[in-house]
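J.: Enclosed is the structure file run_1.cif (mmCIF, C-alpha atoms).
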```
data_model
loop_
_atom_site.group_PDB
_atom_site.id
_atom_site.type_symbol
_atom_site.label_atom_id
_atom_site.label_comp_id
_atom_site.auth_asym_id
_atom_site.auth_seq_id
_atom_site.Cartn_x
_atom_site.Cartn_y
_atom_site.Cartn_z
ATOM 1 C CA MET A 453 116.019 109.579 105.544
ATOM 2 C CA LYS A 454 114.204 112.899 105.861
ATOM 3 C CA THR A 455 110.773 112.263 104.455
ATOM 4 C CA HIS A 456 109.580 115.818 105.006
ATOM 5 C CA MET A 457 112.434 117.654 103.284
ATOM 6 C CA THR A 458 110.743 117.922 99.908
ATOM 7 C CA LEU A 459 107.399 119.023 101.327
ATOM 8 C CA SER A 460 106.573 122.651 100.827
ATOM 9 C CA LYS A 461 104.480 124.419 103.456
ATOM 10 C CA GLN A 462 101.475 124.473 101.159
ATOM 11 C CA GLU A 463 101.793 120.872 100.117
ATOM 12 C CA GLN A 464 99.241 118.445 101.514
ATOM 13 C CA GLU A 465 100.730 114.998 102.008
ATOM 14 C CA PRO A 466 98.205 112.169 102.178
ATOM 15 C CA TYR A 467 96.671 111.641 105.591
ATOM 16 C CA SER A 468 94.163 108.984 104.610
ATOM 17 C CA ILE A 469 93.807 106.329 101.930
ATOM 18 C CA GLY A 470 90.992 103.811 101.729
ATOM 19 C CA ASP A 471 87.553 103.729 103.254
ATOM 20 C CA SER A 472 85.418 101.686 105.615
ATOM 21 C CA LYS A 473 84.353 99.400 102.769
ATOM 22 C CA VAL A 474 87.990 98.387 102.217
ATOM 23 C CA VAL A 475 88.359 97.755 105.954
ATOM 24 C CA ALA A 476 85.248 95.547 106.022
ATOM 25 C CA GLN A 477 86.326 93.587 102.935
ATOM 26 C CA PHE A 478 89.763 92.985 104.410
ATOM 27 C CA LEU A 479 88.411 91.869 107.782
ATOM 28 C CA GLU A 480 85.998 89.461 106.098
ATOM 29 C CA SER A 481 88.614 88.008 103.764
ATOM 30 C CA LEU A 482 90.683 84.903 104.356
ATOM 31 C CA PRO A 483 94.212 86.032 103.505
ATOM 32 C CA ARG A 484 96.896 83.400 103.069
ATOM 33 C CA LYS A 485 99.131 82.922 106.057
ATOM 34 C CA SER A 486 102.884 82.905 105.765
ATOM 35 C CA PRO A 487 104.525 79.482 105.827
ATOM 36 C CA PHE A 488 107.363 81.009 107.878
ATOM 37 C CA PRO A 489 105.809 82.903 110.788
ATOM 38 C CA GLY A 490 108.388 84.894 112.716
ATOM 39 C CA ASP A 491 111.090 84.482 110.065
ATOM 40 C CA PRO A 492 111.129 87.629 107.887
ATOM 41 C CA LEU A 493 114.139 86.521 105.870
ATOM 42 C CA ALA A 494 112.574 83.178 104.906
ATOM 43 C CA ASN A 495 109.313 84.981 104.172
ATOM 44 C CA HIS A 496 111.059 87.444 101.902
ATOM 45 C CA ILE A 497 112.855 84.681 99.979
ATOM 46 C CA HIS A 498 109.664 82.654 99.677
ATOM 47 C CA GLN A 499 107.773 85.690 98.418
ATOM 48 C CA LEU A 500 110.484 86.515 95.877
ATOM 49 C CA LEU A 501 110.305 82.960 94.515
ATOM 50 C CA GLU A 502 106.528 83.136 94.251
ATOM 51 C CA LEU A 503 106.550 86.528 92.545
ATOM 52 C CA HIS A 504 109.266 85.450 90.100
ATOM 53 C CA PRO A 505 108.512 81.847 89.166
ATOM 54 C CA ALA A 506 111.243 81.891 86.523
ATOM 55 C CA VAL A 507 113.765 81.742 89.369
ATOM 56 C CA LYS A 508 114.094 78.091 90.351
ATOM 57 C CA LEU A 509 115.788 76.785 93.465
ATOM 58 C CA LYS A 510 116.511 73.191 94.394
ATOM 59 C CA PHE A 511 116.815 72.673 98.116
ATOM 60 C CA ARG A 512 117.818 68.987 97.860
ATOM 61 C CA GLY A 513 115.999 67.819 100.934
ATOM 62 C CA VAL A 514 116.874 70.876 103.007
ATOM 63 C CA LYS A 515 114.011 73.153 104.041
ATOM 64 C CA LEU A 516 114.283 76.918 103.749
ATOM 65 C CA ALA A 517 113.235 77.346 107.365
ATOM 66 C CA ASP A 518 116.074 75.066 108.515
ATOM 67 C CA LEU A 519 118.834 77.185 106.964
ATOM 68 C CA ASP A 520 120.775 79.432 109.306
ATOM 69 C CA SER A 521 120.585 83.196 108.898
ATOM 70 C CA PRO A 522 123.933 83.688 107.067
ATOM 71 C CA THR A 523 122.976 80.993 104.562
ATOM 72 C CA LYS A 524 119.554 82.552 104.010
ATOM 73 C CA GLN A 525 121.140 85.965 103.576
ATOM 74 C CA SER A 526 123.603 84.524 101.053
ATOM 75 C CA LEU A 527 120.712 82.898 99.206
ATOM 76 C CA LEU A 528 118.826 86.194 99.182
ATOM 77 C CA ASP A 529 121.886 88.004 97.831
ATOM 78 C CA ASP A 530 122.090 85.477 94.991
ATOM 79 C CA ILE A 531 118.395 85.802 94.141
ATOM 80 C CA ASN A 532 118.666 89.602 94.221
ATOM 81 C CA ALA A 533 121.626 89.419 91.837
ATOM 82 C CA VAL A 534 119.700 87.190 89.432
ATOM 83 C CA LEU A 535 116.686 89.509 89.502
ATOM 84 C CA GLY A 536 118.753 92.697 89.280
ATOM 85 C CA ILE A 537 117.598 93.970 92.665
ATOM 86 C CA ARG A 538 120.145 96.141 94.393
ATOM 87 C CA PRO A 539 119.531 96.090 98.148
ATOM 88 C CA LEU A 540 118.539 99.511 99.384
ATOM 89 C CA THR A 541 121.011 101.265 101.611
ATOM 90 C CA GLY A 542 120.771 104.441 103.632
ATOM 91 C CA ARG A 543 117.811 103.496 105.795
ATOM 92 C CA MET B 601 106.664 91.199 108.581
ATOM 93 C CA ALA B 602 108.524 92.588 105.620
ATOM 94 C CA LEU B 603 112.219 93.248 105.553
ATOM 95 C CA LEU B 604 113.375 96.856 105.192
ATOM 96 C CA PRO B 605 112.702 98.293 108.637
ATOM 97 C CA GLY B 606 113.085 101.912 107.641
ATOM 98 C CA LYS B 607 114.441 104.774 109.671
ATOM 99 C CA VAL B 608 112.812 108.088 108.842
ATOM 100 C CA SER B 609 112.997 111.669 110.013
ATOM 101 C CA LEU B 610 109.887 113.744 110.642
ATOM 102 C CA LEU B 611 109.413 117.449 111.234
ATOM 103 C CA ASP B 612 107.946 118.421 114.602
ATOM 104 C CA VAL B 613 105.735 121.290 113.465
ATOM 105 C CA SER B 614 105.498 123.080 116.799
ATOM 106 C CA SER B 615 109.238 123.155 117.521
ATOM 107 C CA GLY B 616 110.529 123.108 113.939
ATOM 108 C CA ARG B 617 112.958 120.339 114.864
ATOM 109 C CA ASP B 618 113.690 117.043 113.144
ATOM 110 C CA LEU B 619 112.599 113.901 114.979
ATOM 111 C CA SER B 620 113.807 110.359 114.434
ATOM 112 C CA ALA B 621 111.196 107.729 113.713
ATOM 113 C CA LYS B 622 111.048 104.257 112.293
ATOM 114 C CA ILE B 623 108.692 102.001 110.406
ATOM 115 C CA VAL B 624 107.551 99.130 112.630
ATOM 116 C CA GLU B 625 105.263 96.151 112.268
ATOM 117 C CA LEU B 626 101.905 97.078 113.725
ATOM 118 C CA THR B 627 100.818 94.370 116.148
ATOM 119 C CA PRO B 628 97.248 94.264 117.480
ATOM 120 C CA GLY B 629 98.423 95.274 120.948
ATOM 121 C CA LEU B 630 100.438 98.206 119.688
ATOM 122 C CA ALA B 631 97.580 99.363 117.463
ATOM 123 C CA ARG B 632 95.049 99.137 120.275
ATOM 124 C CA ALA B 633 97.181 100.977 122.815
ATOM 125 C CA ARG B 634 98.790 103.607 120.584
ATOM 126 C CA ILE B 635 96.139 104.260 117.936
ATOM 127 C CA ASP B 636 92.625 103.088 118.759
ATOM 128 C CA ARG B 637 92.674 104.321 122.353
ATOM 129 C CA VAL B 638 94.569 107.514 121.651
ATOM 130 C CA TRP B 639 94.259 109.142 118.254
ATOM 131 C CA TRP B 640 90.709 110.470 118.397
ATOM 132 C CA ASN B 641 90.205 110.459 122.150
ATOM 133 C CA ASP B 642 92.801 113.168 122.647
ATOM 134 C CA LEU B 643 90.846 115.657 120.544
ATOM 135 C CA ASP B 644 87.872 117.721 121.583
ATOM 136 C CA ALA B 645 84.612 117.612 119.674
ATOM 137 C CA THR B 646 84.962 121.013 118.042
ATOM 138 C CA SER B 647 88.240 120.152 116.397
ATOM 139 C CA THR B 648 86.866 116.934 114.924
ATOM 140 C CA LYS B 649 83.331 117.869 113.902
ATOM 141 C CA ASN B 650 84.173 117.255 110.251
ATOM 142 C CA CYS B 651 86.384 114.286 110.914
ATOM 143 C CA PRO B 652 86.898 111.723 108.183
ATOM 144 C CA GLU B 653 85.499 108.216 108.255
ATOM 145 C CA ASP B 654 88.798 106.648 109.265
ATOM 146 C CA ARG B 655 87.951 107.716 112.813
ATOM 147 C CA ASP B 656 85.952 104.484 113.063
ATOM 148 C CA TRP B 657 88.659 102.172 111.745
ATOM 149 C CA LYS B 658 89.915 99.716 114.353
ATOM 150 C CA TRP B 659 93.605 99.315 113.630
ATOM 151 C CA ALA B 660 93.891 96.543 116.224
ATOM 152 C CA ASP B 661 91.470 94.441 114.169
ATOM 153 C CA ILE B 662 93.260 95.309 110.938
ATOM 154 C CA ALA B 663 96.657 94.445 112.435
ATOM 155 C CA ALA B 664 95.291 91.184 113.853
ATOM 156 C CA GLN B 665 93.970 90.141 110.457
ATOM 157 C CA ALA B 666 97.276 91.022 108.772
ATOM 158 C CA GLN B 667 99.438 89.344 111.404
ATOM 159 C CA GLY B 668 101.235 86.341 109.967
ATOM 160 C CA CYS B 669 99.821 86.983 106.501
ATOM 161 C CA ARG B 670 102.012 86.480 103.507
ATOM 162 C CA ASP B 671 100.626 89.155 101.228
ATOM 163 C CA PHE B 672 99.263 91.830 103.564
ATOM 164 C CA ILE B 673 101.571 94.044 105.583
ATOM 165 C CA CYS B 674 100.457 96.362 108.373
ATOM 166 C CA VAL B 675 103.020 98.914 109.558
ATOM 167 C CA GLY B 676 103.154 102.049 111.662
ATOM 168 C CA VAL B 677 105.440 105.036 112.129
ATOM 169 C CA SER B 678 106.922 104.985 115.617
ATOM 170 C CA VAL B 679 108.449 108.178 116.966
ATOM 171 C CA ALA B 680 111.781 107.491 118.657
ATOM 172 C CA ASP B 681 112.045 107.937 122.430
ATOM 173 C CA THR B 682 108.274 108.060 122.850
ATOM 174 C CA ASP B 683 105.469 105.524 122.761
ATOM 175 C CA GLU B 684 103.764 107.381 119.980
ATOM 176 C CA ILE B 685 102.537 105.840 116.729
ATOM 177 C CA CYS B 686 101.770 108.702 114.361
ATOM 178 C CA GLY B 687 100.774 106.834 111.214
ATOM 179 C CA ALA B 688 99.557 103.434 110.051
ATOM 180 C CA MET B 689 99.238 101.657 106.726
ATOM 181 C CA LEU B 690 97.997 98.371 105.288
ATOM 182 C CA TYR B 691 99.320 97.292 101.916
ATOM 183 C CA GLN B 692 99.092 94.249 99.701
ATOM 184 C CA VAL B 693 101.948 92.571 97.887
ATOM 185 C CA GLY B 694 101.242 91.201 94.429
ATOM 186 C CA ALA B 695 98.335 93.422 93.389
ATOM 187 C CA ALA B 696 97.841 94.056 89.690
ATOM 188 C CA SER B 697 99.100 97.180 87.964
ATOM 189 C CA PHE B 698 96.274 99.454 86.826
ATOM 190 C CA PHE B 699 97.954 100.183 83.504
ATOM 191 C CA ASN B 700 99.067 96.637 82.725
ATOM 192 C CA PRO B 701 97.453 93.985 84.936
ATOM 193 C CA ALA B 702 100.134 91.490 83.907
ATOM 194 C CA ASN B 703 102.607 93.503 85.960
ATOM 195 C CA LEU B 704 102.540 93.083 89.705
ATOM 196 C CA ALA B 705 102.653 95.919 92.197
ATOM 197 C CA ILE B 706 102.130 96.816 95.802
ATOM 198 C CA GLU B 707 98.750 98.351 96.538
ATOM 199 C CA VAL B 708 98.315 100.735 99.451
ATOM 200 C CA LEU B 709 94.880 99.749 100.740
ATOM 201 C CA LEU B 710 94.665 101.837 103.917
ATOM 202 C CA LEU B 711 96.691 104.698 105.292
ATOM 203 C CA ALA B 712 95.977 107.067 108.144
ATOM 204 C CA THR B 713 98.018 109.593 110.057
ATOM 205 C CA LYS B 714 97.423 110.710 113.605
ATOM 206 C CA PRO B 715 94.740 113.434 113.554
ATOM 207 C CA THR B 716 97.038 115.967 115.197
ATOM 208 C CA SER B 717 99.366 115.621 112.216
ATOM 209 C CA ARG B 718 96.679 116.678 109.751
ATOM 210 C CA GLY B 719 96.986 120.335 109.016
ATOM 211 C CA LEU B 720 93.370 120.395 107.882
ATOM 212 C CA LEU B 721 92.124 119.506 111.362
ATOM 213 C CA LEU B 722 94.556 121.253 113.655
ATOM 214 C CA ALA B 723 97.120 123.778 112.529
ATOM 215 C CA ASN B 724 100.672 123.980 113.826
ATOM 216 C CA LEU B 725 100.664 120.681 115.668
ATOM 217 C CA GLY B 726 101.962 117.206 115.069
ATOM 218 C CA TYR B 727 104.463 116.040 112.501
ATOM 219 C CA ARG B 728 105.055 116.455 108.813
ATOM 220 C CA GLY B 729 106.450 113.643 106.724
ATOM 221 C CA VAL B 730 104.339 110.804 108.145
ATOM 222 C CA GLY B 731 102.251 110.083 105.047
ATOM 223 C CA SER B 732 105.319 110.417 102.848
ATOM 224 C CA ALA B 733 107.295 107.991 105.032
ATOM 225 C CA LEU B 734 104.557 105.378 104.869
ATOM 226 C CA LEU B 735 104.210 105.641 101.113
ATOM 227 C CA LEU B 736 107.951 105.405 100.659
ATOM 228 C CA GLN B 737 107.982 102.212 102.741
ATOM 229 C CA ALA B 738 105.527 100.652 100.291
ATOM 230 C CA VAL B 739 107.614 101.796 97.327
ATOM 231 C CA ALA B 740 110.835 100.471 98.897
ATOM 232 C CA HIS B 741 109.215 97.120 99.654
ATOM 233 C CA SER B 742 107.945 96.910 96.087
ATOM 234 C CA TYR B 743 111.477 97.511 94.843
ATOM 235 C CA GLY B 744 112.953 94.958 97.272
ATOM 236 C CA LEU B 745 110.567 92.279 96.019
ATOM 237 C CA GLY B 746 111.545 92.829 92.417
ATOM 238 C CA LEU B 747 108.351 94.707 91.548
ATOM 239 C CA LYS B 748 110.530 97.654 90.537
ATOM 240 C CA GLY B 749 108.864 100.042 92.959
ATOM 241 C CA ARG B 750 105.541 99.867 91.142
ATOM 242 C CA THR B 751 102.898 101.051 93.615
ATOM 243 C CA VAL B 752 99.183 101.670 93.178
ATOM 244 C CA LEU B 753 96.547 103.361 95.316
ATOM 245 C CA ARG B 754 93.131 104.964 95.164
ATOM 246 C CA SER B 755 93.269 108.631 96.092
ATOM 247 C CA ILE B 756 90.530 110.850 97.386
ATOM 248 C CA PRO B 757 89.587 113.386 94.676
ATOM 249 C CA ALA B 758 91.203 116.316 96.472
ATOM 250 C CA GLU B 759 93.311 118.490 94.223
ATOM 251 C CA ALA B 760 96.043 119.126 96.797
ATOM 252 C CA THR B 761 96.469 115.414 97.449
ATOM 253 C CA ILE B 762 96.477 114.570 93.738
ATOM 254 C CA GLN B 763 99.211 117.172 93.231
ATOM 255 C CA PHE B 764 101.288 115.558 95.993
ATOM 256 C CA TYR B 765 101.145 112.224 94.191
ATOM 257 C CA LYS B 766 101.797 113.714 90.759
ATOM 258 C CA LYS B 767 104.829 115.604 92.010
ATOM 259 C CA ARG B 768 106.320 112.252 93.017
ATOM 260 C CA GLY B 769 105.563 110.642 89.679
ATOM 261 C CA PHE B 770 102.192 108.961 90.189
ATOM 262 C CA ASP B 771 100.036 108.863 87.053
ATOM 263 C CA SER B 772 96.239 109.030 87.128
ATOM 264 C CA HIS B 773 94.648 105.969 85.581
ATOM 265 C CA SER B 774 90.883 106.419 85.907
ATOM 266 C CA THR B 775 88.131 107.581 88.216
ATOM 267 C CA GLU B 776 86.043 105.056 90.116
ATOM 268 C CA PRO B 777 82.254 105.371 90.584
ATOM 269 C CA ASP B 778 82.791 106.654 94.146
ATOM 270 C CA GLY B 779 85.016 109.446 92.834
ATOM 271 C CA LYS B 780 88.352 108.017 93.935
ATOM 272 C CA ILE B 781 91.226 108.330 91.491
ATOM 273 C CA LYS B 782 93.226 105.221 90.649
ATOM 274 C CA MET B 783 96.886 106.222 90.621
ATOM 275 C CA GLU B 784 100.064 104.335 89.854
ATOM 276 C CA LEU B 785 103.728 104.979 90.446
ATOM 277 C CA LYS B 786 105.681 103.476 87.570
ATOM 278 C CA PRO B 787 109.157 101.959 88.031
ATOM 279 C CA GLU B 788 111.210 104.854 86.664
ATOM 280 C CA HIS B 789 109.486 107.352 88.958
ATOM 281 C CA ALA B 790 109.594 104.995 91.945
ATOM 282 C CA GLN B 791 113.319 104.494 91.618
ATOM 283 C CA SER B 792 113.886 108.201 91.105
ATOM 284 C CA TRP B 793 111.994 108.909 94.355
ATOM 285 C CA LEU B 794 114.030 106.294 96.238
ATOM 286 C CA ARG B 795 117.268 107.762 94.904
ATOM 287 C CA ASN B 796 116.170 111.285 95.849
ATOM 288 C CA LYS B 797 115.638 110.072 99.402
ATOM 289 C CA GLY B 798 119.173 108.766 99.595
ATOM 290 C CA LEU B 799 118.249 105.113 99.196
ATOM 291 C CA ALA B 800 121.020 104.011 96.905
ATOM 292 C CA LEU B 801 119.994 101.621 94.144
#
```
Just give me the structure as structure tokens.

T.:
Amino acid sequence: MKTHMTLSKQEQEPYSIGDSKVVAQFLESLPRKSPFPGDPLANHIHQLLELHPAVKLKFRGVKLADLDSPTKQSLLDDINAVLGIRPLTGR
Amino acid sequence: MALLPGKVSLLDVSSGRDLSAKIVELTPGLARARIDRVWWNDLDATSTKNCPEDRDWKWADIAAQAQGCRDFICVGVSVADTDEICGAMLYQVGAASFFNPANLAIEVLLLATKPTSRGLLLANLGYRGVGSALLLQAVAHSYGLGLKGRTVLRSIPAEATIQFYKKRGFDSHSTEPDGKIKMELKPEHAQSWLRNKGLAL
């Protein structure tokens, strides 16, 4: 993906967003930790379910973290289909 | 760390050639070694006399705070075949839309590119496409989480920067007391930008 192709020579792309106040607020905050450290796929599924509470899943005694990667990927594909999210390609 | 590890292509300004790069999770160690100890130390005083306040940001601390977080993502742009990190960004998942707070979005909280890639500081050096690549990562992640690409940020009140955002479909919402402009990329414009970059939807 060529991110510079639509930049004209005169165009000024952003080189800075935010300020030191934002940095200080973030460093002093207590952000929630992920329940699945080191497992991006489980994190992504968990986050999708939290952002879209209308999507309900019953794990029937099985924990998300215990699923193998193909099963998690299949689950993610199903959730994406329900939510109308087409996985991005071309990256 | 979010899914969607993105491959991007930058323009090497001095040679005019395309360079491969990728979006990576910014760990504290990587941030310390490749940003905090490098970005501003490689420049002489005359070239940075009017340097912006992000010179004092400690990306290692920011990355450490974001590490393992559910809703805050800290990423960098890593140039292939080198150890160089030429841009960094912190964004939040699940922020409120400026136009309709009931809608959720991704908010770009912090973004900085390597000083040598800022045409305002040093001409004809560095890379072009870094800021765009970082923003597009946030938009793509927003889309992948079902937030339809909705992305918000607070821009500096510089006309050239505002025009960059507007050209890509960001709408101005309001001006904050410190002069920053609240801007939002709505779903239709976000998805148009992703399509234009070859990210099939």

J.: For chain A against chain B, which residues fall within 10 Å using all atoms listed in the file, given as a ChimeraX atom specification?

T.: /A:453-459,461-472,474-476,478-493,495-504,531-532,535-543

J.: Excluding A:Pro522 and residues on its chain fewer than 5 positions from it, collect all residues at most 12 Å away from it, counting only C-alpha atoms, and give them as a PDB file with C-alpha atoms, in the coordinates of the input.

T.:
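Output contents, as saved in out.pdb:
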```pdb
ATOM      1  CA  LEU A 493     114.139  86.521 105.870  1.00  0.00           C
ATOM      2  CA  ALA A 494     112.574  83.178 104.906  1.00  0.00           C
ATOM      3  CA  LEU A 527     120.712  82.898  99.206  1.00  0.00           C
ATOM      4  CA  LEU A 528     118.826  86.194  99.182  1.00  0.00           C
ATOM      5  CA  ASP A 529     121.886  88.004  97.831  1.00  0.00           C
TER       6      ASP A 529
END
```

J.: On this file, the PyMOL selection byres ((chain B and resi 750) around 9) gives some set of residues; write that set as a list in words.

T.: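 The output of the PyMOL selection byres ((chain B and resi 750) around 9) on this file is Ser697, Asn703, Leu704, Ala705, Ile706, Glu707, Val739, Ser742, Tyr743, Leu747, Lys748, Gly749, Thr751, Val752, Glu784, Leu785, Lys786, Pro787, Glu788, His789 and Ala790 of chain B.
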
J.: Residues proximal to (99.2, 108.6, 121.3) were defined as those with any atom within 12 Å of that point in the file's coordinates, counting only C-alpha atoms. Which are they, as a PyMOL selection string?

T.: chain B and resi 630-643+677-679+682-687+713-717+726

J.: In Å, rounded to a single decimal, give me how far atom CA of B:Gly676 is from atom CA of B:Phe770.

T.: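 Straight-line distance from atom CA of B:Phe770 to atom CA of B:Gly676 works out to 22.6 Å.
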
J.: Centre and edge lengths, as AutoDock Vina command-line options, for the axis-aligned box enclosing every listed atom of stretch 479-496 of chain A with 5 Å of padding on each of the six sides, in Å to one decimal?

T.:
```
--center_x 100.1 --center_y 85.7 --center_z 107.3 --size_x 38.1 --size_y 22.4 --size_z 20.8
```

J.: How many Å lie between atom CA of B:Ser774 and atom CA of B:Tyr691, rounded to one decimal?

T.: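 That distance, rounded to one decimal, is 20.3 Å.
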